[in-house]
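Here's the structure, in structure tokens; my notes come after.
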Amino acid sequence: PVIHREDYRPPEWLVPQIALDFRLGIDATHVTAKLSVTRNPAGEGGSTLRLNGDQIAPLAVRVDGEAVNDWRLDGSDLLVALSGEAHEVEVETAMNPAGNSQLMGLYASNGMLCTQCEAEGFRRITFFPDRPDVLSTYSVRMAGDKAQFPILLSNGNCTATGENADGTHWAQWHDPWPKPSYLFALVAGDLVANHAQFITQSGRKVDLNIWVRAGDEQRTQHAMDSLIASMKWDEQAFGREYDLDLFNVVAVSDFNMGAMENKGLNVFNTRYVLAEPETATDADYDGIESVIGHEYFHNWSGNRVTCRDWFQLSLKEGFTVLRDQLFSADMGSEPVKRIEDVRTLRGGQFPEDSGPLAHPIRPDSYQEISNFYTATVYNKGAEVIRMMRTMAGTERFRQGTDLYFDRHDGEAATCEDFVKAIEQGTGLDLTQFRLWYSQAGTPQVSVSLTHEGDVATLTLAQTVPATPDQADKQPMPIPLRIALYDRDTGCHAGERLIVLDKAKESFAFGGFARLPVLSINRGFSAPVAIEFERDAEDLVFLAARDDDPFARYEAMQSLVVQHLVAAVGGGLADAERAAGRAAIGKAFAAIIADEALDDLMRGELMMLPTVAYLAEQVLVADPYAIHEEREALKHWLGGELASELTALHDRVSAVPYGRDAAARGARKAKAQALILIASGDAAEGAARAIAQYRAADNMTDRQSALTVLCNLEGPERDEALADFHQRYQGNALVIDKWFQLQASCFHPQVLNHVKALAGHPDFTLSNPNRVRALFMSLALNPKGFHDVSGEGYRLIGDLIRRLDPLNPQTTARFVPHLGRWRRIEPVRAAMMRAELEAIMAQGELSRDVREQVGKSLG
Ligand code: ARG
Ligand code: ZN
């Protein structure tokens with residue numbers, strides 16, 4: 001069944017209040033839900049109350065205190081006949097949390113009970129109008145064994161607790177803020193807290209708790225610091241203050257996604273909570289800061305103002321991603337954060353936009369909403385809002401968001417409501433800009449720059465590629481920050497913002513005696529692909545001197561992309577290849593030598609574009625050939641710049657561990673230098689990697705050394721991996737890294753390693769982090785996944801078939817990797833497609849997987 005955005009109808013009944021009573025048990029939990037329902041004046045006056053359910057049965061149904069029998073089931077929904085205007089409807093249900101392997105609704109993880117309700121998990125707990133435009137005030141009572149569940153948590157504030165004679169105890173919680181069911185949460189378990197306090201700008205004292213299993217509490221300080229920083233930042237940057245006296249965060253090891261913003265009770269994947277230098281990399285620390293921020297910021301962008309329906313998901317997710325990006329940029333290096341965000345977008349969203357699952361940031365239809373928690377809705381959604389901010393300027397944008405929060409506080413809003421508020425608050429006319437919400441596909445902007453007399457003319461043309469269900473596209477407004485460098489002075493006369501809103505448009509700039517060097521889409525001001533064939537010399541110039549750090553990175557990337565795309569498949573004569581490499585080598589050398597550059601940025605600039613991004617540049621790619629060509633370039637660079645790289649590696653290796661930017665930068669540059677050294681000279685790389693591994697007093701250095709050792713064929717590899725496993729056994733998050741490193745590496749035997757690891761005693765299909773550590777790493781590994789034997793595709797296909805019955809949501813995430821087949825060379829494409837067909841042929845598929853496979857086969 002396909003759900004369409006246009007079919008939205010207001011709910012027939014509202015539920016201003018709900019009281020939930022839980023009798024908790026790991027394998028049997030009993031729930032009584034009392035709903036006060038009132039007829040919605042905006043409804044159509046029907047006499048049936050529809051309560052959604054999913055794999056639950058009504059044990060008893062009462063209306064106004066009387067047991068009723070005239071209810072019926074429609075599929076899994078419960079229909080209750082009601083006349084009149086207001087009633088109390090009571091339903092009893094029971095479920096088995098330990099048997100809930102989907103990790104949606106109420107489930108057991110490591111002996112504790114927890115919930116995940118977004119998007120449609122609440123209906124697996126009790127019957128309810130499980131849609132985000134039904135807002136209720138929640139009162140929750142829960143009772144359970146005191147020894148097993150000493151801690152009992154729900155949303156809002158704890159209002160009463162007590163003990164029973166039979167060894168059980170209970171707690172009563174009340175959340176004063178009306179919320180949709182997807183924000184409900186309950187946690188019961190044996191947990192300890194890192195406790196702190198935050199005082200809001202208006203003087204409210206907020207108790208902060210980060211709940212973890214005993215022994216993990218010393219790994220929670222970074223999460224706590226990030227939470228406090230988030231609360232402060234949202235007051236300053238967006239004027240948003242916290243609105244309860246309590247804020248709880250719980251870390252759970254079995255979790256489908258990153259984390260969840262349940263009101264006053266955020267539930268997190270442990271990987272976004274636990275960190276200490278010995279076990280967490282710098283990237284892990286950054287991930288924690290950004291996800292803690294993200295979930296906290298949802299308190300306003302998502303909870304106080306929620307979504308009318310799930311088609312509006314980007315209203316909260318796109319906006320909240322932008323907010324967490326701005327937060328992280330303020331906490332660390334703004335340019336580096338921007339580069340990382342663009343890399344994420346290009347690696348995850350561009351392929352989505354150019355494949356069979358392309359959809360607008362506000363989709364028009366879906367079969368399973370879980371499939372739409374995508375890079376498009378999240379990351380492109382953030383880019384679309386960022387463009388409005390770029391066009392308006394920070395201050396006017398803030399007026400827009402103030403108006404939005406003010407106007408829609410307590411409501412379930414739409415993307416259109418958001419755009420209208422931004423329009424009115426900023427004074428921008430966003431009529432045409434709204435196309436960014438309805439059109440899928442990454443706009444391609446072709447660029448030409450000509451020169452005559454003293455005028456430079458920039459001609460821009462845009463096309464938005466056809467995507468499934470959207471053949472013809474309209475031109476969209478594309479804000480581009482540009483600068484023109486004078487070749488004689490090496491300077492530009494100031495950056496400007498131009499907005500391309502036609503299919504083709506020219507812009508003239510006077511005062512140039514010679515053709516200037518164009519720096520375009522600075523700061524990645526628009527999420528588009530720029531097509532501009534340019535001389536390597538100009539790119540070398542920009543890579544060395546552009547004063548916009550992102551543009552500098554971009555010049556470096558373009559230099560490599562142009563070369564590799566041309567070189568793949570023997571496309572370059574020897575002399576051309578040598579010239580291309582020489583230009584790249586020169587740019588690299590300049591970056592290594594630049595003393596004005598901080599090491600964090602140096603490390604970024606030294607990262608080569610991924611195979612996935614390179615494959616995006618051509619209509620039909622041979623990812624394996626791209627991988628080989630990329631490795632060949634690394635080998636050449638490593639040899640050519642051997643002395644520069646070893647000098648760099650020596651210098652940064654002397655910097656002691658610290659969490660400050662300089663020390664983090666040193667570790668980033670160290671990792672990149674080591675990779676290139678090892679590519680150029682395997683023996684030298686191995687010696688340095690072993691030394692770095694042994695000397696490491698932190699996970700960043702240890703992991704980057706092991707990454708290099710993993711590619712080796714000698715005994716050093718096995719020794720290091722065995723040491724790592726032995727050193728960290730019992731620490732699930734680090735054992736995940738052990739799986740991930742082996743499945744991501746370019747070892748000739750990588751597929752055999754993955755097969756063996758799938759049978760390792762530490763491997764389990766029931767933990768999503770572990771599944772992703774092994775198999776998502778493989779799906780993202782060009783060498784393993786695209787091995788010409790087709791074995792990589794088969795391993796992912798097998799996984800999909802075996803995991804789907806247990807956990808459809810996590811399974812469905814693997815399908816798009818096979819779904820790329822149309823953009824892959826024919827021999828591999830046929831095998832990828834055959835794998836999809838084999839999945840489709842399996843009788844019982846989840847709705848999640850069926851939708852993704854069906855669309856991928858087209
Ligand atoms: N709202 C959560 C976040 O953005 C994601 C939850 C998604 N859950 C799901 N089952 N699809 O942080
Ligand atoms: Zn979110």
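Please note that chains go A, B, ... in the order of the structure tokens, that every chain numbers its residues from 1, and that ligands are numbered from 1 in the order shown.
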TODO: Just the residues within 12 Å of segment 658-666 of chain A, please, counting only C-alpha atoms, with nothing from its chain fewer than 5 positions along; format it as a count of residues only.
DONE: 39
Which residues of chain A come within 7 Å of ligand 1, and for each one, what is the closest pair of atoms and their distance in Å to one decimal, counting only C-alpha atoms and all ligand atoms, sorted by chain and residue number, as CSV?
residue,atom,partner,partner_atom_place_in_ligand_line,distance
A:Met104,CA,ligand 1,10 (N),6.9
A:Gln116,CA,ligand 1,10 (N),6.8
A:Glu118,CA,ligand 1,8 (N),5.0
A:Ala119,CA,ligand 1,10 (N),5.7
A:Asn256,CA,ligand 1,10 (N),6.6
A:Met257,CA,ligand 1,8 (N),5.9
A:Gly258,CA,ligand 1,12 (O),6.3
A:Ala259,CA,ligand 1,12 (O),5.0
A:Met260,CA,ligand 1,2 (C),4.5
A:Glu261,CA,ligand 1,1 (N),6.0
A:His294,CA,ligand 1,12 (O),6.7
A:Glu295,CA,ligand 1,12 (O),5.7
A:Glu317,CA,ligand 1,4 (O),5.9
A:Ser370,CA,ligand 1,11 (N),4.6
A:Tyr373,CA,ligand 1,11 (N),5.8
Residues from the last selection, N, CA and C atoms, saved as a PDB file, in the first residue's frame:
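Below is the file selection23.pdb, written as the result:
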ATOM      1  N   MET A 104      11.813  -2.005  17.647  1.00  0.00           N
ATOM      2  CA  MET A 104      10.804  -0.941  17.533  1.00  0.00           C
ATOM      3  C   MET A 104       9.698  -1.241  18.536  1.00  0.00           C
ATOM      4  N   GLN A 116      11.635   2.451  21.420  1.00  0.00           N
ATOM      5  CA  GLN A 116      11.876   3.318  20.259  1.00  0.00           C
ATOM      6  C   GLN A 116      10.541   3.447  19.548  1.00  0.00           C
ATOM      7  N   GLU A 118       9.601   6.379  17.319  1.00  0.00           N
ATOM      8  CA  GLU A 118       9.602   6.997  15.997  1.00  0.00           C
ATOM      9  C   GLU A 118      10.035   5.961  14.968  1.00  0.00           C
ATOM     10  N   ALA A 119       9.324   5.897  13.837  1.00  0.00           N
ATOM     11  CA  ALA A 119       8.150   6.686  13.537  1.00  0.00           C
ATOM     12  C   ALA A 119       6.866   6.008  14.031  1.00  0.00           C
ATOM     13  N   ASN A 256      18.658   0.724  16.467  1.00  0.00           N
ATOM     14  CA  ASN A 256      18.680   0.750  15.001  1.00  0.00           C
ATOM     15  C   ASN A 256      19.374   1.975  14.426  1.00  0.00           C
ATOM     16  N   MET A 257      19.223   3.110  15.102  1.00  0.00           N
ATOM     17  CA  MET A 257      19.742   4.344  14.527  1.00  0.00           C
ATOM     18  C   MET A 257      20.787   4.936  15.476  1.00  0.00           C
ATOM     19  N   GLY A 258      20.970   6.256  15.389  1.00  0.00           N
ATOM     20  CA  GLY A 258      21.953   6.912  16.245  1.00  0.00           C
ATOM     21  C   GLY A 258      21.399   7.226  17.617  1.00  0.00           C
ATOM     22  N   ALA A 259      20.243   7.864  17.662  1.00  0.00           N
ATOM     23  CA  ALA A 259      19.663   8.268  18.932  1.00  0.00           C
ATOM     24  C   ALA A 259      18.252   8.775  18.690  1.00  0.00           C
ATOM     25  N   MET A 260      17.539   9.065  19.784  1.00  0.00           N
ATOM     26  CA  MET A 260      16.140   9.470  19.663  1.00  0.00           C
ATOM     27  C   MET A 260      15.796  10.551  20.678  1.00  0.00           C
ATOM     28  N   GLU A 261      15.094  11.565  20.189  1.00  0.00           N
ATOM     29  CA  GLU A 261      14.863  12.795  20.955  1.00  0.00           C
ATOM     30  C   GLU A 261      13.639  12.772  21.862  1.00  0.00           C
ATOM     31  N   HIS A 294      22.321  17.291  18.371  1.00  0.00           N
ATOM     32  CA  HIS A 294      21.172  17.045  17.489  1.00  0.00           C
ATOM     33  C   HIS A 294      19.918  16.692  18.293  1.00  0.00           C
ATOM     34  N   GLU A 295      20.038  15.711  19.172  1.00  0.00           N
ATOM     35  CA  GLU A 295      18.848  15.274  19.920  1.00  0.00           C
ATOM     36  C   GLU A 295      18.381  16.378  20.866  1.00  0.00           C
ATOM     37  N   GLU A 317      14.020  17.240  10.773  1.00  0.00           N
ATOM     38  CA  GLU A 317      15.354  16.642  10.622  1.00  0.00           C
ATOM     39  C   GLU A 317      16.325  17.532   9.848  1.00  0.00           C
ATOM     40  N   SER A 370      10.022   4.278   7.582  1.00  0.00           N
ATOM     41  CA  SER A 370      11.387   4.076   8.078  1.00  0.00           C
ATOM     42  C   SER A 370      12.417   4.193   6.959  1.00  0.00           C
ATOM     43  N   TYR A 373      14.146   7.918   6.382  1.00  0.00           N
ATOM     44  CA  TYR A 373      15.126   8.557   7.272  1.00  0.00           C
ATOM     45  C   TYR A 373      16.453   8.539   6.530  1.00  0.00           C
TER      46      TYR A 373
END
Counting only C-alpha atoms and all ligand atoms, which residues in chain A sit no more than 12 Å from ligand 2? For each one, give the nearest pair of atoms and the distance in Å, sorted by chain then residue number, as CSV.
residue,atom,partner,partner_atom_place_in_ligand_line,distance
A:Glu118,CA,ligand 2,1 (Zn),10.3
A:Ala119,CA,ligand 2,1 (Zn),11.4
A:Leu183,CA,ligand 2,1 (Zn),11.8
A:Met257,CA,ligand 2,1 (Zn),10.1
A:Gly258,CA,ligand 2,1 (Zn),9.0
A:Ala259,CA,ligand 2,1 (Zn),7.9
A:Met260,CA,ligand 2,1 (Zn),7.1
A:Glu261,CA,ligand 2,1 (Zn),7.2
A:Asn262,CA,ligand 2,1 (Zn),10.6
A:Asn266,CA,ligand 2,1 (Zn),11.2
A:Phe268,CA,ligand 2,1 (Zn),11.8
A:Ser290,CA,ligand 2,1 (Zn),10.8
A:Val291,CA,ligand 2,1 (Zn),8.5
A:Ile292,CA,ligand 2,1 (Zn),10.4
A:Gly293,CA,ligand 2,1 (Zn),9.9
A:His294,CA,ligand 2,1 (Zn),6.2
A:Glu295,CA,ligand 2,1 (Zn),6.2
A:Tyr296,CA,ligand 2,1 (Zn),9.4
A:Phe297,CA,ligand 2,1 (Zn),8.7
A:His298,CA,ligand 2,1 (Zn),6.6
A:Asn299,CA,ligand 2,1 (Zn),10.2
A:Trp300,CA,ligand 2,1 (Zn),11.4
A:Ser301,CA,ligand 2,1 (Zn),9.0
A:Gly302,CA,ligand 2,1 (Zn),8.0
A:Asn303,CA,ligand 2,1 (Zn),10.6
A:Thr306,CA,ligand 2,1 (Zn),11.5
A:Leu313,CA,ligand 2,1 (Zn),9.1
A:Ser314,CA,ligand 2,1 (Zn),9.0
A:Leu315,CA,ligand 2,1 (Zn),10.1
A:Lys316,CA,ligand 2,1 (Zn),6.8
A:Glu317,CA,ligand 2,1 (Zn),4.7
A:Gly318,CA,ligand 2,1 (Zn),8.0
A:Phe319,CA,ligand 2,1 (Zn),8.8
A:Thr320,CA,ligand 2,1 (Zn),6.1
A:Val321,CA,ligand 2,1 (Zn),6.8
A:Leu322,CA,ligand 2,1 (Zn),10.3
A:Arg323,CA,ligand 2,1 (Zn),10.4
A:Asp324,CA,ligand 2,1 (Zn),9.5
A:Tyr373,CA,ligand 2,1 (Zn),9.0
A:Thr374,CA,ligand 2,1 (Zn),10.8
A:Ala375,CA,ligand 2,1 (Zn),11.4
A:Val377,CA,ligand 2,1 (Zn),10.1
A:Tyr378,CA,ligand 2,1 (Zn),7.7
A:Asn379,CA,ligand 2,1 (Zn),10.5
A:Gly381,CA,ligand 2,1 (Zn),11.4
A:Ala382,CA,ligand 2,1 (Zn),11.0
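Of all the residues in segment 62-127 of chain A, the ones DSSP labels as helix (DSSP H, G or I) from the backbone are Pro97, Ala98, Gly99, Phe122, Arg123 and Arg124 of chain A.
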TODO: Considering only C-alpha atoms, return as a list of chain:residue names whatever protein or nucleic-acid residues lie within 8 Å of segment 730-745 of chain A, sequence-local ones (same chain, fewer than 4 positions apart) excluded.
DONE: A:Thr270, A:Arg271, A:Thr279, A:Ala280, A:Leu706, A:Thr707, A:Cys710, A:Asn711, A:Leu721, A:Phe724, A:His725, A:Val750, A:Leu751, A:His753, A:Val754, A:Leu757, A:Asn769, A:Arg770, A:Ala773, A:Leu774, A:Phe775, A:Ser777, A:Leu778, A:Leu780, A:Asn781, A:Gly784
Restricting the output to C-alpha atoms, write the selected residues as a PDB file, in the first residue's frame.
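Printed below is out.pdb as written:
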ATOM      1  CA  THR A 270      25.975   3.624  23.182  1.00  0.00           C
ATOM      2  CA  ARG A 271      28.347   4.639  20.397  1.00  0.00           C
ATOM      3  CA  THR A 279      38.783   3.539  23.323  1.00  0.00           C
ATOM      4  CA  ALA A 280      37.308   6.372  21.241  1.00  0.00           C
ATOM      5  CA  LEU A 706      45.868  -0.730  12.461  1.00  0.00           C
ATOM      6  CA  THR A 707      44.119   0.523   9.307  1.00  0.00           C
ATOM      7  CA  CYS A 710      45.219  -4.507   8.007  1.00  0.00           C
ATOM      8  CA  ASN A 711      46.246  -4.193   4.367  1.00  0.00           C
ATOM      9  CA  LEU A 721      44.661  -7.777  15.070  1.00  0.00           C
ATOM     10  CA  PHE A 724      43.743  -5.488  19.483  1.00  0.00           C
ATOM     11  CA  HIS A 725      41.060  -8.092  20.032  1.00  0.00           C
ATOM     12  CA  VAL A 750      39.094  -9.327   2.374  1.00  0.00           C
ATOM     13  CA  LEU A 751      36.072 -11.393   1.274  1.00  0.00           C
ATOM     14  CA  HIS A 753      38.054 -12.515   6.050  1.00  0.00           C
ATOM     15  CA  VAL A 754      34.491 -11.196   6.090  1.00  0.00           C
ATOM     16  CA  LEU A 757      34.266 -13.000  10.721  1.00  0.00           C
ATOM     17  CA  ASN A 769      26.141  -1.986  15.533  1.00  0.00           C
ATOM     18  CA  ARG A 770      27.875  -5.313  15.070  1.00  0.00           C
ATOM     19  CA  ALA A 773      30.554  -2.979  11.624  1.00  0.00           C
ATOM     20  CA  LEU A 774      31.006  -6.061   9.479  1.00  0.00           C
ATOM     21  CA  PHE A 775      28.571  -5.789   6.619  1.00  0.00           C
ATOM     22  CA  SER A 777      31.842  -1.761   6.030  1.00  0.00           C
ATOM     23  CA  LEU A 778      31.892  -4.399   3.293  1.00  0.00           C
ATOM     24  CA  LEU A 780      31.183   0.523   1.408  1.00  0.00           C
ATOM     25  CA  ASN A 781      34.457  -1.183   0.525  1.00  0.00           C
ATOM     26  CA  GLY A 784      35.458  -6.157  -1.410  1.00  0.00           C
TER      27      GLY A 784
END
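Closest approach to Glu616 of chain A among A:Ser365, A:Ser354, A:Thr431, A:Thr401 is made by A:Ser354 (distances from only C-alpha atoms).
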TODO: Taking the chain letters and numbering used in this document, name the residues of segment 200-319 of chain A that DSSP puts in strand (DSSP E), as a PyMOL selection string.
DONE: chain A and resi 205-212+246-252+259-260+265-269+306-307
For the selection just defined, write its residues with C-alpha atoms to a file, as a PDB file, in the first residue's frame.
ATOM      1  CA  LYS A 205      17.691  24.618  37.403  1.00  0.00           C
ATOM      2  CA  VAL A 206      17.792  21.501  35.253  1.00  0.00           C
ATOM      3  CA  ASP A 207      19.017  18.138  36.523  1.00  0.00           C
ATOM      4  CA  LEU A 208      20.992  16.324  33.876  1.00  0.00           C
ATOM      5  CA  ASN A 209      21.567  12.583  33.954  1.00  0.00           C
ATOM      6  CA  ILE A 210      23.380  10.323  31.552  1.00  0.00           C
ATOM      7  CA  TRP A 211      22.370   6.762  32.383  1.00  0.00           C
ATOM      8  CA  VAL A 212      24.638   3.837  31.539  1.00  0.00           C
ATOM      9  CA  LEU A 246      14.946  17.173  34.260  1.00  0.00           C
ATOM     10  CA  PHE A 247      16.812  15.932  31.211  1.00  0.00           C
ATOM     11  CA  ASN A 248      17.692  12.253  30.987  1.00  0.00           C
ATOM     12  CA  VAL A 249      19.866  10.505  28.427  1.00  0.00           C
ATOM     13  CA  VAL A 250      20.079   6.704  28.376  1.00  0.00           C
ATOM     14  CA  ALA A 251      22.685   4.686  26.474  1.00  0.00           C
ATOM     15  CA  VAL A 252      21.450   1.445  24.896  1.00  0.00           C
ATOM     16  CA  ALA A 259      19.663   8.268  18.932  1.00  0.00           C
ATOM     17  CA  MET A 260      16.140   9.470  19.663  1.00  0.00           C
ATOM     18  CA  LEU A 265      14.300  11.192  27.926  1.00  0.00           C
ATOM     19  CA  ASN A 266      16.668  10.878  24.993  1.00  0.00           C
ATOM     20  CA  VAL A 267      17.650   7.316  24.168  1.00  0.00           C
ATOM     21  CA  PHE A 268      21.044   6.856  22.555  1.00  0.00           C
ATOM     22  CA  ASN A 269      23.027   4.212  20.805  1.00  0.00           C
ATOM     23  CA  THR A 306       6.500  18.845  15.627  1.00  0.00           C
ATOM     24  CA  CYS A 307       5.504  17.475  12.213  1.00  0.00           C
TER      25      CYS A 307
END
Open item on the list: From the options A:Ala413, A:Leu542, A:Ala86, A:Val827, which residue's atoms come nearest to Val620 of chain A, counting only C-alpha atoms?
Closed with: A:Val827
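Closest to Ser448 of chain A among A:Pro516, A:Gly45, A:Gly105, A:Pro351 is A:Pro516, based on only C-alpha atoms.
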Open item on the list: Would you compute the distance between atom CA of Arg346 of chain A and atom CA of Arg823 of chain A? Give it in Å to one decimal.
Closed with: 15.8 Å
- [ ] Determine, counting only C-alpha atoms, which protein, DNA and RNA residues have an atom within 12 Å of an atom of Ile626 of chain A; residues of the same chain fewer than 6 positions away are not included. Present the result as JSON, numbers by chain.
- [x] {"A": [560, 561, 563, 564, 565, 566, 567, 568, 569, 570, 571, 609, 610, 611, 612, 613, 614, 615, 616, 617, 618, 620, 632, 633, 782, 783, 786, 824, 825]}
Could you dump the residues just selected with C-alpha atoms as a PDB file, in the first residue's frame?
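Below is the file part_8.pdb, written as the result:
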ATOM      1  CA  VAL A 560      42.334  14.647  -8.280  1.00  0.00           C
ATOM      2  CA  VAL A 561      38.853  13.936  -9.635  1.00  0.00           C
ATOM      3  CA  HIS A 563      42.828  13.296 -13.236  1.00  0.00           C
ATOM      4  CA  LEU A 564      41.422  10.007 -11.966  1.00  0.00           C
ATOM      5  CA  VAL A 565      38.255  10.152 -14.044  1.00  0.00           C
ATOM      6  CA  ALA A 566      40.352  10.716 -17.153  1.00  0.00           C
ATOM      7  CA  ALA A 567      42.903   8.061 -16.183  1.00  0.00           C
ATOM      8  CA  VAL A 568      40.528   5.209 -15.366  1.00  0.00           C
ATOM      9  CA  GLY A 569      40.575   2.391 -17.882  1.00  0.00           C
ATOM     10  CA  GLY A 570      43.781   3.543 -19.550  1.00  0.00           C
ATOM     11  CA  GLY A 571      42.235   6.811 -20.700  1.00  0.00           C
ATOM     12  CA  PRO A 609      38.058  11.735  -2.912  1.00  0.00           C
ATOM     13  CA  THR A 610      36.333   8.427  -2.168  1.00  0.00           C
ATOM     14  CA  VAL A 611      35.681   5.836  -4.839  1.00  0.00           C
ATOM     15  CA  ALA A 612      31.941   6.404  -4.378  1.00  0.00           C
ATOM     16  CA  TYR A 613      32.313  10.099  -5.142  1.00  0.00           C
ATOM     17  CA  LEU A 614      34.561   9.398  -8.108  1.00  0.00           C
ATOM     18  CA  ALA A 615      32.070   6.854  -9.434  1.00  0.00           C
ATOM     19  CA  GLU A 616      29.365   9.542  -9.238  1.00  0.00           C
ATOM     20  CA  GLN A 617      31.238  11.574 -11.844  1.00  0.00           C
ATOM     21  CA  VAL A 618      30.559   9.116 -14.641  1.00  0.00           C
ATOM     22  CA  VAL A 620      28.467   4.074 -15.731  1.00  0.00           C
ATOM     23  CA  ALA A 632      48.051   3.771  -8.090  1.00  0.00           C
ATOM     24  CA  LEU A 633      47.946   7.520  -7.504  1.00  0.00           C
ATOM     25  CA  PRO A 782      34.948  -0.836  -3.248  1.00  0.00           C
ATOM     26  CA  LYS A 783      37.478  -3.607  -3.355  1.00  0.00           C
ATOM     27  CA  HIS A 786      32.730  -4.950  -6.163  1.00  0.00           C
ATOM     28  CA  ILE A 824      27.838   0.138 -12.635  1.00  0.00           C
ATOM     29  CA  GLU A 825      29.540  -1.558 -15.595  1.00  0.00           C
TER      30      GLU A 825
END
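With atom CA of Tyr624 of chain A on one side and atom CA of Asp787 of chain A on the other, the separation reads 7.2 Å.
Comparing A:His30, A:Arg124, A:Arg407, A:Lys232 by their smallest distance to Leu51 of chain A, the closest is A:Arg124 (using only C-alpha atoms).
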- [ ] With a distance cut-off of 9 Å and only C-alpha atoms, select the neighbouring residues of Leu709 of chain A, excluding the residue or stretch itself and same-chain residues fewer than 3 positions from it, and output the selection as JSON, numbers by chain.
- [x] {"A": [685, 686, 689, 690, 704, 705, 706, 712, 713, 716, 717, 718, 720, 721]}
TODO: Rank nothing, just name the residue among A:Thr126, A:Met840, A:Gly425, A:Cys415 nearest to Phe397 of chain A, using only C-alpha atoms.
DONE: A:Gly425
